[in-house]
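Chemist: So here's run-v5.cif (mmCIF, C-alpha atoms).
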data_model
loop_
_atom_site.group_PDB
_atom_site.id
_atom_site.type_symbol
_atom_site.label_atom_id
_atom_site.label_comp_id
_atom_site.auth_asym_id
_atom_site.auth_seq_id
_atom_site.Cartn_x
_atom_site.Cartn_y
_atom_site.Cartn_z
ATOM 1 C CA MET A 15 11.489 -11.623 62.925
ATOM 2 C CA THR A 16 10.997 -12.479 59.269
ATOM 3 C CA THR A 17 13.902 -10.389 58.045
ATOM 4 C CA SER A 18 16.176 -11.713 60.797
ATOM 5 C CA ALA A 19 15.354 -15.345 59.982
ATOM 6 C CA ALA A 20 16.043 -14.838 56.284
ATOM 7 C CA PHE A 21 19.316 -13.030 56.957
ATOM 8 C CA ASP A 22 20.374 -15.809 59.314
ATOM 9 C CA ALA A 23 19.553 -18.418 56.665
ATOM 10 C CA VAL A 24 21.672 -16.655 54.055
ATOM 11 C CA GLY A 25 24.502 -16.397 56.562
ATOM 12 C CA ARG A 26 24.341 -20.143 57.156
ATOM 13 C CA LEU A 27 24.458 -20.816 53.421
ATOM 14 C CA ARG A 28 27.504 -18.602 53.030
ATOM 15 C CA ARG A 29 29.232 -20.158 56.065
ATOM 16 C CA ARG A 30 28.742 -23.637 54.565
ATOM 17 C CA GLU A 31 26.452 -24.734 57.393
ATOM 18 C CA ARG A 32 24.142 -27.560 56.358
ATOM 19 C CA SER A 33 20.909 -26.168 54.975
ATOM 20 C CA VAL A 34 17.824 -27.771 53.488
ATOM 21 C CA GLY A 35 15.531 -26.026 51.051
ATOM 22 C CA TYR A 36 12.346 -26.559 49.102
ATOM 23 C CA TRP A 37 11.422 -25.803 45.482
ATOM 24 C CA ILE A 38 8.407 -23.875 44.198
ATOM 25 C CA ALA A 39 7.321 -24.445 40.606
ATOM 26 C CA THR A 40 3.698 -23.263 40.702
ATOM 27 C CA ASP A 41 2.086 -19.850 41.068
ATOM 28 C CA ASN A 42 0.376 -20.620 44.375
ATOM 29 C CA PRO A 43 1.219 -18.004 47.034
ATOM 30 C CA VAL A 44 -0.964 -19.536 49.738
ATOM 31 C CA GLY A 45 0.651 -22.929 49.257
ATOM 32 C CA THR A 46 4.094 -21.315 49.214
ATOM 33 C CA GLU A 47 3.358 -19.541 52.495
ATOM 34 C CA ARG A 48 2.426 -22.843 54.114
ATOM 35 C CA ILE A 49 5.659 -24.415 52.880
ATOM 36 C CA ALA A 50 7.629 -21.449 54.222
ATOM 37 C CA ARG A 51 6.218 -22.055 57.717
ATOM 38 C CA LEU A 52 7.617 -25.574 57.966
ATOM 39 C CA GLY A 53 11.203 -24.696 58.823
ATOM 40 C CA TYR A 54 13.097 -25.075 55.543
ATOM 41 C CA ASP A 55 16.192 -22.876 55.577
ATOM 42 C CA TYR A 56 15.346 -21.477 52.158
ATOM 43 C CA VAL A 57 12.611 -21.752 49.571
ATOM 44 C CA GLY A 58 13.686 -21.600 45.939
ATOM 45 C CA ILE A 59 11.406 -20.161 43.279
ATOM 46 C CA ASP A 60 11.915 -21.719 39.864
ATOM 47 C CA ALA A 61 11.715 -18.862 37.371
ATOM 48 C CA GLN A 62 13.528 -20.905 34.722
ATOM 49 C CA HIS A 63 11.335 -23.996 34.369
ATOM 50 C CA GLY A 64 8.569 -23.169 36.838
ATOM 51 C CA LEU A 65 5.088 -21.947 35.953
ATOM 52 C CA LEU A 66 5.502 -18.404 37.257
ATOM 53 C CA ASP A 67 5.917 -15.027 35.580
ATOM 54 C CA TYR A 68 7.376 -11.939 37.289
ATOM 55 C CA ARG A 69 4.181 -11.329 39.262
ATOM 56 C CA GLY A 70 4.463 -14.923 40.416
ATOM 57 C CA TRP A 71 8.030 -14.379 41.644
ATOM 58 C CA LEU A 72 6.884 -11.350 43.606
ATOM 59 C CA ALA A 73 3.863 -13.117 45.107
ATOM 60 C CA ALA A 74 5.982 -16.123 46.075
ATOM 61 C CA LEU A 75 8.612 -13.932 47.745
ATOM 62 C CA LEU A 76 5.885 -12.127 49.706
ATOM 63 C CA ALA A 77 4.482 -15.516 50.754
ATOM 64 C CA ILE A 78 7.900 -16.770 51.872
ATOM 65 C CA GLU A 79 8.396 -13.670 53.970
ATOM 66 C CA ALA A 80 4.933 -14.095 55.483
ATOM 67 C CA GLY A 81 5.901 -17.641 56.415
ATOM 68 C CA GLY A 82 8.630 -16.095 58.490
ATOM 69 C CA ARG A 83 11.179 -18.905 58.642
ATOM 70 C CA SER A 84 12.952 -19.160 55.276
ATOM 71 C CA ALA A 85 15.079 -17.114 52.912
ATOM 72 C CA GLY A 86 13.641 -16.661 49.438
ATOM 73 C CA LEU A 87 15.925 -17.552 46.528
ATOM 74 C CA VAL A 88 15.082 -17.316 42.822
ATOM 75 C CA ARG A 89 16.492 -19.511 40.096
ATOM 76 C CA VAL A 90 16.452 -16.889 37.364
ATOM 77 C CA PRO A 91 15.590 -17.763 33.741
ATOM 78 C CA ALA A 92 19.091 -17.010 32.478
ATOM 79 C CA ASN A 93 22.434 -15.438 33.328
ATOM 80 C CA ASP A 94 21.112 -12.001 32.504
ATOM 81 C CA LEU A 95 21.601 -8.652 34.222
ATOM 82 C CA THR A 96 17.922 -7.750 33.892
ATOM 83 C CA PHE A 97 16.508 -11.051 35.167
ATOM 84 C CA ILE A 98 18.883 -11.111 38.124
ATOM 85 C CA GLY A 99 18.132 -7.482 38.952
ATOM 86 C CA GLN A 100 14.378 -8.075 38.780
ATOM 87 C CA ALA A 101 14.570 -11.046 41.135
ATOM 88 C CA LEU A 102 16.661 -9.101 43.648
ATOM 89 C CA ASP A 103 14.525 -5.954 43.366
ATOM 90 C CA ALA A 104 11.462 -8.098 44.119
ATOM 91 C CA GLY A 105 13.047 -9.097 47.407
ATOM 92 C CA ALA A 106 14.985 -12.296 46.745
ATOM 93 C CA HIS A 107 17.806 -12.842 49.222
ATOM 94 C CA GLY A 108 19.794 -14.583 46.524
ATOM 95 C CA VAL A 109 19.771 -16.096 43.074
ATOM 96 C CA ILE A 110 20.701 -19.408 41.506
ATOM 97 C CA VAL A 111 21.936 -18.810 37.968
ATOM 98 C CA PRO A 112 21.523 -21.627 35.423
ATOM 99 C CA LEU A 113 23.780 -22.892 32.650
ATOM 100 C CA VAL A 114 27.043 -21.278 33.722
ATOM 101 C CA ASP A 115 29.900 -22.924 31.832
ATOM 102 C CA THR A 116 32.927 -20.704 32.456
ATOM 103 C CA ALA A 117 34.564 -18.505 35.054
ATOM 104 C CA GLU A 118 33.772 -15.499 32.845
ATOM 105 C CA GLN A 119 30.075 -16.350 32.934
ATOM 106 C CA ALA A 120 30.238 -16.864 36.695
ATOM 107 C CA ALA A 121 31.859 -13.434 37.052
ATOM 108 C CA ALA A 122 29.010 -11.918 35.025
ATOM 109 C CA ALA A 123 26.486 -13.468 37.415
ATOM 110 C CA VAL A 124 28.327 -12.077 40.429
ATOM 111 C CA ARG A 125 28.541 -8.659 38.781
ATOM 112 C CA ALA A 126 24.783 -8.661 38.157
ATOM 113 C CA CYS A 127 24.181 -9.233 41.887
ATOM 114 C CA ARG A 128 26.285 -6.294 43.088
ATOM 115 C CA TYR A 129 25.845 -2.552 42.821
ATOM 116 C CA PRO A 130 28.716 -0.386 41.543
ATOM 117 C CA PRO A 131 31.589 -0.178 42.099
ATOM 118 C CA ASP A 132 31.541 -3.916 42.825
ATOM 119 C CA GLY A 133 29.207 -4.812 39.962
ATOM 120 C CA GLY A 134 26.683 -3.662 37.417
ATOM 121 C CA ARG A 135 23.314 -4.027 39.166
ATOM 122 C CA SER A 136 21.058 -1.102 38.381
ATOM 123 C CA TYR A 137 19.753 0.728 41.443
ATOM 124 C CA GLY A 138 15.995 0.472 41.877
ATOM 125 C CA PRO A 139 15.143 -1.780 44.838
ATOM 126 C CA MET A 140 11.402 -1.194 44.633
ATOM 127 C CA ARG A 141 10.703 -3.840 47.255
ATOM 128 C CA ALA A 142 14.140 -5.076 48.268
ATOM 129 C CA GLY A 143 14.909 -1.658 49.728
ATOM 130 C CA LEU A 144 12.408 -2.365 52.499
ATOM 131 C CA ARG A 145 14.359 -5.382 53.693
ATOM 132 C CA ILE A 146 17.754 -5.780 52.003
ATOM 133 C CA GLY A 147 19.606 -2.490 52.146
ATOM 134 C CA PRO A 148 18.634 -0.023 50.754
ATOM 135 C CA ALA A 149 22.274 0.987 51.146
ATOM 136 C CA PRO A 150 24.143 -0.568 48.185
ATOM 137 C CA ALA A 151 27.011 -1.795 50.362
ATOM 138 C CA GLU A 152 24.583 -3.627 52.651
ATOM 139 C CA ALA A 153 22.865 -5.300 49.703
ATOM 140 C CA ASN A 154 26.213 -6.247 48.147
ATOM 141 C CA ALA A 155 27.309 -7.883 51.380
ATOM 142 C CA HIS A 156 24.077 -9.821 51.839
ATOM 143 C CA VAL A 157 22.837 -11.114 48.466
ATOM 144 C CA PHE A 158 23.720 -14.767 47.860
ATOM 145 C CA CYS A 159 24.919 -15.702 44.372
ATOM 146 C CA ALA A 160 25.204 -19.337 43.289
ATOM 147 C CA VAL A 161 25.769 -20.648 39.762
ATOM 148 C CA MET A 162 24.680 -23.990 38.373
ATOM 149 C CA ILE A 163 27.030 -26.751 37.292
ATOM 150 C CA GLU A 164 24.962 -28.796 34.845
ATOM 151 C CA THR A 165 26.977 -29.326 31.664
ATOM 152 C CA LEU A 166 30.173 -31.147 30.760
ATOM 153 C CA THR A 167 31.823 -27.800 30.004
ATOM 154 C CA ALA A 168 30.923 -26.507 33.456
ATOM 155 C CA LEU A 169 32.239 -29.705 35.013
ATOM 156 C CA GLU A 170 35.530 -29.302 33.146
ATOM 157 C CA ASN A 171 35.774 -25.694 34.339
ATOM 158 C CA VAL A 172 34.471 -26.173 37.878
ATOM 159 C CA GLU A 173 37.766 -25.264 39.573
ATOM 160 C CA ALA A 174 37.966 -21.946 37.722
ATOM 161 C CA ILE A 175 34.270 -21.258 38.269
ATOM 162 C CA ALA A 176 34.546 -21.912 42.007
ATOM 163 C CA ALA A 177 37.516 -19.538 42.213
ATOM 164 C CA THR A 178 35.458 -16.615 40.861
ATOM 165 C CA PRO A 179 35.802 -13.639 43.254
ATOM 166 C CA GLY A 180 32.540 -12.856 45.010
ATOM 167 C CA LEU A 181 30.835 -16.138 44.121
ATOM 168 C CA ASP A 182 29.042 -17.630 47.118
ATOM 169 C CA GLY A 183 28.214 -21.105 45.865
ATOM 170 C CA VAL A 184 27.827 -23.672 43.121
ATOM 171 C CA TYR A 185 24.672 -25.716 42.575
ATOM 172 C CA VAL A 186 24.492 -29.036 40.752
ATOM 173 C CA GLY A 187 21.603 -29.533 38.342
ATOM 174 C CA PRO A 188 21.380 -33.342 38.283
ATOM 175 C CA SER A 189 18.827 -33.619 35.477
ATOM 176 C CA ASP A 190 20.814 -31.704 32.876
ATOM 177 C CA LEU A 191 24.081 -33.183 34.104
ATOM 178 C CA THR A 192 22.635 -36.700 33.752
ATOM 179 C CA LEU A 193 21.703 -35.960 30.144
ATOM 180 C CA ALA A 194 25.137 -34.429 29.528
ATOM 181 C CA LEU A 195 26.753 -37.608 30.841
ATOM 182 C CA GLY A 196 24.856 -39.631 28.244
ATOM 183 C CA GLY A 197 21.700 -40.516 30.123
ATOM 184 C CA ALA A 198 18.687 -41.513 28.054
ATOM 185 C CA SER A 199 16.485 -39.614 30.494
ATOM 186 C CA SER A 200 17.004 -37.041 33.231
ATOM 187 C CA THR A 201 17.035 -39.805 35.845
ATOM 188 C CA ASP A 202 18.705 -42.599 33.854
ATOM 189 C CA PRO A 203 20.153 -45.092 36.387
ATOM 190 C CA ALA A 204 22.703 -46.233 33.810
ATOM 191 C CA VAL A 205 24.786 -43.116 34.502
ATOM 192 C CA ALA A 206 24.018 -42.838 38.228
ATOM 193 C CA ASP A 207 27.586 -43.728 39.203
ATOM 194 C CA GLN A 208 28.987 -41.126 36.825
ATOM 195 C CA LEU A 209 26.603 -38.519 38.202
ATOM 196 C CA ASP A 210 27.587 -39.398 41.750
ATOM 197 C CA ALA A 211 31.274 -39.026 40.909
ATOM 198 C CA ALA A 212 30.677 -35.701 39.152
ATOM 199 C CA ALA A 213 28.605 -34.402 42.059
ATOM 200 C CA GLY A 214 31.276 -35.467 44.533
ATOM 201 C CA ARG A 215 33.886 -33.614 42.533
ATOM 202 C CA VAL A 216 31.842 -30.409 42.584
ATOM 203 C CA ALA A 217 31.343 -30.676 46.343
ATOM 204 C CA ALA A 218 35.069 -31.258 46.888
ATOM 205 C CA VAL A 219 36.064 -28.288 44.731
ATOM 206 C CA ALA A 220 33.629 -26.024 46.566
ATOM 207 C CA SER A 221 35.014 -27.195 49.896
ATOM 208 C CA ALA A 222 38.564 -26.431 48.781
ATOM 209 C CA ARG A 223 37.490 -22.926 47.776
ATOM 210 C CA GLY A 224 35.410 -22.359 50.908
ATOM 211 C CA ILE A 225 32.157 -21.696 49.072
ATOM 212 C CA ALA A 226 28.744 -23.330 49.422
ATOM 213 C CA ALA A 227 27.896 -26.474 47.461
ATOM 214 C CA GLY A 228 24.265 -27.194 46.642
ATOM 215 C CA ILE A 229 22.322 -29.783 44.695
ATOM 216 C CA HIS A 230 18.720 -30.476 43.732
ATOM 217 C CA CYS A 231 17.297 -33.735 45.120
ATOM 218 C CA PRO A 232 14.168 -35.760 44.352
ATOM 219 C CA ASP A 233 13.383 -36.428 48.023
ATOM 220 C CA GLY A 234 14.521 -35.912 51.587
ATOM 221 C CA ALA A 235 16.437 -39.169 51.779
ATOM 222 C CA THR A 236 18.541 -38.172 48.786
ATOM 223 C CA ALA A 237 19.107 -34.745 50.318
ATOM 224 C CA HIS A 238 20.362 -36.438 53.494
ATOM 225 C CA ARG A 239 22.771 -38.546 51.433
ATOM 226 C CA ARG A 240 24.056 -35.564 49.473
ATOM 227 C CA LEU A 241 24.688 -33.576 52.638
ATOM 228 C CA ALA A 242 26.668 -36.534 53.984
ATOM 229 C CA GLN A 243 28.593 -36.588 50.687
ATOM 230 C CA GLY A 244 29.881 -33.082 51.308
ATOM 231 C CA PHE A 245 27.220 -30.782 49.944
ATOM 232 C CA THR A 246 26.335 -27.921 52.252
ATOM 233 C CA PHE A 247 22.816 -27.245 50.995
ATOM 234 C CA ALA A 248 20.245 -29.454 49.321
ATOM 235 C CA THR A 249 16.856 -28.712 47.793
ATOM 236 C CA VAL A 250 14.013 -31.188 48.191
ATOM 237 C CA SER A 251 11.795 -31.914 45.172
ATOM 238 C CA SER A 252 9.031 -29.361 44.414
ATOM 239 C CA ASP A 253 5.458 -28.425 45.210
ATOM 240 C CA LEU A 254 4.173 -29.681 41.856
ATOM 241 C CA VAL A 255 5.796 -33.109 42.210
ATOM 242 C CA HIS A 256 4.581 -33.524 45.779
ATOM 243 C CA LEU A 257 1.046 -32.463 44.874
ATOM 244 C CA GLU A 258 0.859 -35.189 42.249
ATOM 245 C CA GLN A 259 2.492 -37.811 44.481
ATOM 246 C CA ALA A 260 0.160 -37.107 47.395
ATOM 247 C CA ALA A 261 -2.956 -37.117 45.214
ATOM 248 C CA ALA A 262 -1.934 -40.379 43.546
ATOM 249 C CA ALA A 263 -1.192 -42.054 46.881
ATOM 250 C CA HIS A 264 -4.547 -41.065 48.352
ATOM 251 C CA LEU A 265 -6.377 -42.212 45.221
ATOM 252 C CA ALA A 266 -4.654 -45.592 45.380
ATOM 253 C CA ALA A 267 -5.458 -45.928 49.095
ATOM 254 C CA ALA A 268 -9.106 -45.072 48.528
ATOM 255 C CA ARG A 269 -9.520 -47.567 45.683
ATOM 256 C CA ASN A 270 -7.657 -50.363 47.401
#
Is it possible to express this structure as structure tokens?
Modeler:
Amino acid sequence: MTTSAAFDAVGRLRRRERSVGYWIATDNPVGTERIARLGYDYVGIDAQHGLLDYRGWLAALLAIEAGGRSAGLVRVPANDLTFIGQALDAGAHGVIVPLVDTAEQAAAAVRACRYPPDGGRSYGPMRAGLRIGPAPAEANAHVFCAVMIETLTALENVEAIAATPGLDGVYVGPSDLTLALGGASSTDPAVADQLDAAAGRVAAVASARGIAAGIHCPDGATAHRRLAQGFTFATVSSDLVHLEQAAAAHLAAARN
């Protein structure tokens, strides 16, 4: 059941069917398992900016599988063969690769996700072999690879990036892209129109190439708007942000 649900979720991502995900930034497997039971299509583990080490990635992926309804994705720390291999060996059904500026870098990310002869992933699926494969061809066909568009250079090169053979999707990082567009903060409203135009361009390019288009969103309403804009998958906020928001709201209610 768990494996089937995760495989179905990855298939929907790849087929550009609308998908909604959630973001995990804390090392809290029990909380992650509860999130993974809610019905999100995927749960992303933030290994770049999140507060998890490798053991945290592994525990989170186990928790997502125990939840039984979502695919586990990992945003790796960098476009690095070892990091990508570790995330996939731990059982991730896909990776989101940050700070990809060129088609050559996108090709390197794809190569890191595939076993030879299609790529350069080292064979050692210590946990992934129980679920994804272990036959290399099966793993190559299943693993989802998306790269982030979050710099002006990436935006300039988005057509070439999206045309990379084997790439499954692009993913807009709105915080970094806002700063790149001249924002004074990661959510500066002064460049909101520019961000919206840039995001729309990425979604349109992905559509033309037939690959998935994703974006991180601060809330469900924004995710709904981005999906209507042409994105095919959208991630909602994070566990850490929601923990603080819920605690603050209850404190205010109690005191008022």
Chemist: Evaluate the PyMOL selection byres ((chain A and resi 135) around 10) and record the selected residues as a ChimeraX atom specification, following the chain and residue labels used in the document.
Modeler: /A:95-96,98-100,102-103,124-134,136-138,150,154
Chemist: Quick check, in Å to one decimal: how far apart do atom CA of A:Val88 and atom CA of A:Thr249 lie?
Modeler: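 Computing it gives 12.6 Å between the two atoms.
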Chemist: Find the residues around stretch 77-86 of chain A up to 7 Å (all atoms listed in the file counted), leave out those fewer than 5 positions away in its own chain, and share them as a VMD selection string.
Modeler: chain A and resid 15 to 16 19 to 20 23 to 24 43 to 44 46 to 48 50 to 51 53 to 58 106 to 107
Chemist: Quick one: distance from atom CA of A:Arg239 to atom CA of A:Asp202 in Å, one decimal?
Modeler: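 Computing the Euclidean distance for atom CA of A:Arg239 and atom CA of A:Asp202 yields 18.5 Å.
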Chemist: So which residues get picked by the PyMOL selection byres ((chain A and resi 119) around 12) here, written as a PDB file with C-alpha atoms, keeping the file's coordinate frame?
Modeler:
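In the end it all went to expr.pdb:
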ATOM      1  CA  ALA A  92      19.091 -17.010  32.478  1.00  0.00           C
ATOM      2  CA  ASN A  93      22.434 -15.438  33.328  1.00  0.00           C
ATOM      3  CA  ASP A  94      21.112 -12.001  32.504  1.00  0.00           C
ATOM      4  CA  LEU A  95      21.601  -8.652  34.222  1.00  0.00           C
ATOM      5  CA  VAL A 111      21.936 -18.810  37.968  1.00  0.00           C
ATOM      6  CA  PRO A 112      21.523 -21.627  35.423  1.00  0.00           C
ATOM      7  CA  LEU A 113      23.780 -22.892  32.650  1.00  0.00           C
ATOM      8  CA  VAL A 114      27.043 -21.278  33.722  1.00  0.00           C
ATOM      9  CA  ASP A 115      29.900 -22.924  31.832  1.00  0.00           C
ATOM     10  CA  THR A 116      32.927 -20.704  32.456  1.00  0.00           C
ATOM     11  CA  ALA A 117      34.564 -18.505  35.054  1.00  0.00           C
ATOM     12  CA  GLU A 118      33.772 -15.499  32.845  1.00  0.00           C
ATOM     13  CA  ALA A 120      30.238 -16.864  36.695  1.00  0.00           C
ATOM     14  CA  ALA A 121      31.859 -13.434  37.052  1.00  0.00           C
ATOM     15  CA  ALA A 122      29.010 -11.918  35.025  1.00  0.00           C
ATOM     16  CA  ALA A 123      26.486 -13.468  37.415  1.00  0.00           C
ATOM     17  CA  VAL A 124      28.327 -12.077  40.429  1.00  0.00           C
ATOM     18  CA  ARG A 125      28.541  -8.659  38.781  1.00  0.00           C
ATOM     19  CA  ALA A 126      24.783  -8.661  38.157  1.00  0.00           C
ATOM     20  CA  ALA A 160      25.204 -19.337  43.289  1.00  0.00           C
ATOM     21  CA  VAL A 161      25.769 -20.648  39.762  1.00  0.00           C
ATOM     22  CA  MET A 162      24.680 -23.990  38.373  1.00  0.00           C
ATOM     23  CA  ILE A 163      27.030 -26.751  37.292  1.00  0.00           C
ATOM     24  CA  THR A 167      31.823 -27.800  30.004  1.00  0.00           C
ATOM     25  CA  ALA A 168      30.923 -26.507  33.456  1.00  0.00           C
ATOM     26  CA  ASN A 171      35.774 -25.694  34.339  1.00  0.00           C
ATOM     27  CA  VAL A 172      34.471 -26.173  37.878  1.00  0.00           C
ATOM     28  CA  ALA A 174      37.966 -21.946  37.722  1.00  0.00           C
ATOM     29  CA  ILE A 175      34.270 -21.258  38.269  1.00  0.00           C
ATOM     30  CA  ALA A 176      34.546 -21.912  42.007  1.00  0.00           C
ATOM     31  CA  THR A 178      35.458 -16.615  40.861  1.00  0.00           C
ATOM     32  CA  LEU A 181      30.835 -16.138  44.121  1.00  0.00           C
TER      33      LEU A 181
END
Chemist: Rounded to one decimal place, report the atom CA of A:Leu27-atom CA of A:Arg69 distance in Å.
Modeler: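 We find that atom CA of A:Leu27 and atom CA of A:Arg69 lie 26.5 Å from each other.
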Chemist: Determine, counting only C-alpha atoms, which protein, DNA and RNA residues have an atom within 8 Å of an atom of stretch 236-238 of chain A; residues of the same chain fewer than 4 positions away are not included. Present the result as a list in words.
Modeler: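 Contacts, with the query itself left out: Val34, His230, Cys231, Pro232, Ala242, Ala248, Thr249 and Val250 of chain A.
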Chemist: Write the residues you've just listed into a file as a PDB file, keeping the file's coordinate frame, and include C-alpha atoms for each of them.
Modeler:
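Listed below is the output, again22.pdb:
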ATOM      1  CA  VAL A  34      17.824 -27.771  53.488  1.00  0.00           C
ATOM      2  CA  HIS A 230      18.720 -30.476  43.732  1.00  0.00           C
ATOM      3  CA  CYS A 231      17.297 -33.735  45.120  1.00  0.00           C
ATOM      4  CA  PRO A 232      14.168 -35.760  44.352  1.00  0.00           C
ATOM      5  CA  ALA A 242      26.668 -36.534  53.984  1.00  0.00           C
ATOM      6  CA  ALA A 248      20.245 -29.454  49.321  1.00  0.00           C
ATOM      7  CA  THR A 249      16.856 -28.712  47.793  1.00  0.00           C
ATOM      8  CA  VAL A 250      14.013 -31.188  48.191  1.00  0.00           C
TER       9      VAL A 250
END
Chemist: With the file shown as input, list the residues that the PyMOL selection byres ((chain A and resi 195) around 8) selects, as a list in words.
Modeler: Leu166, Leu191, Thr192, Leu193, Ala194, Gly196, Gly197, Val205, Gln208 and Leu209 of chain A
Chemist: Which residues, written as number ranges by chain, have at least one atom at most 7 Å from A:Ala61, with only C-alpha atoms counted and residues fewer than 2 positions away on the same chain left out?
Modeler: A: 59, 63-64, 66, 88-91
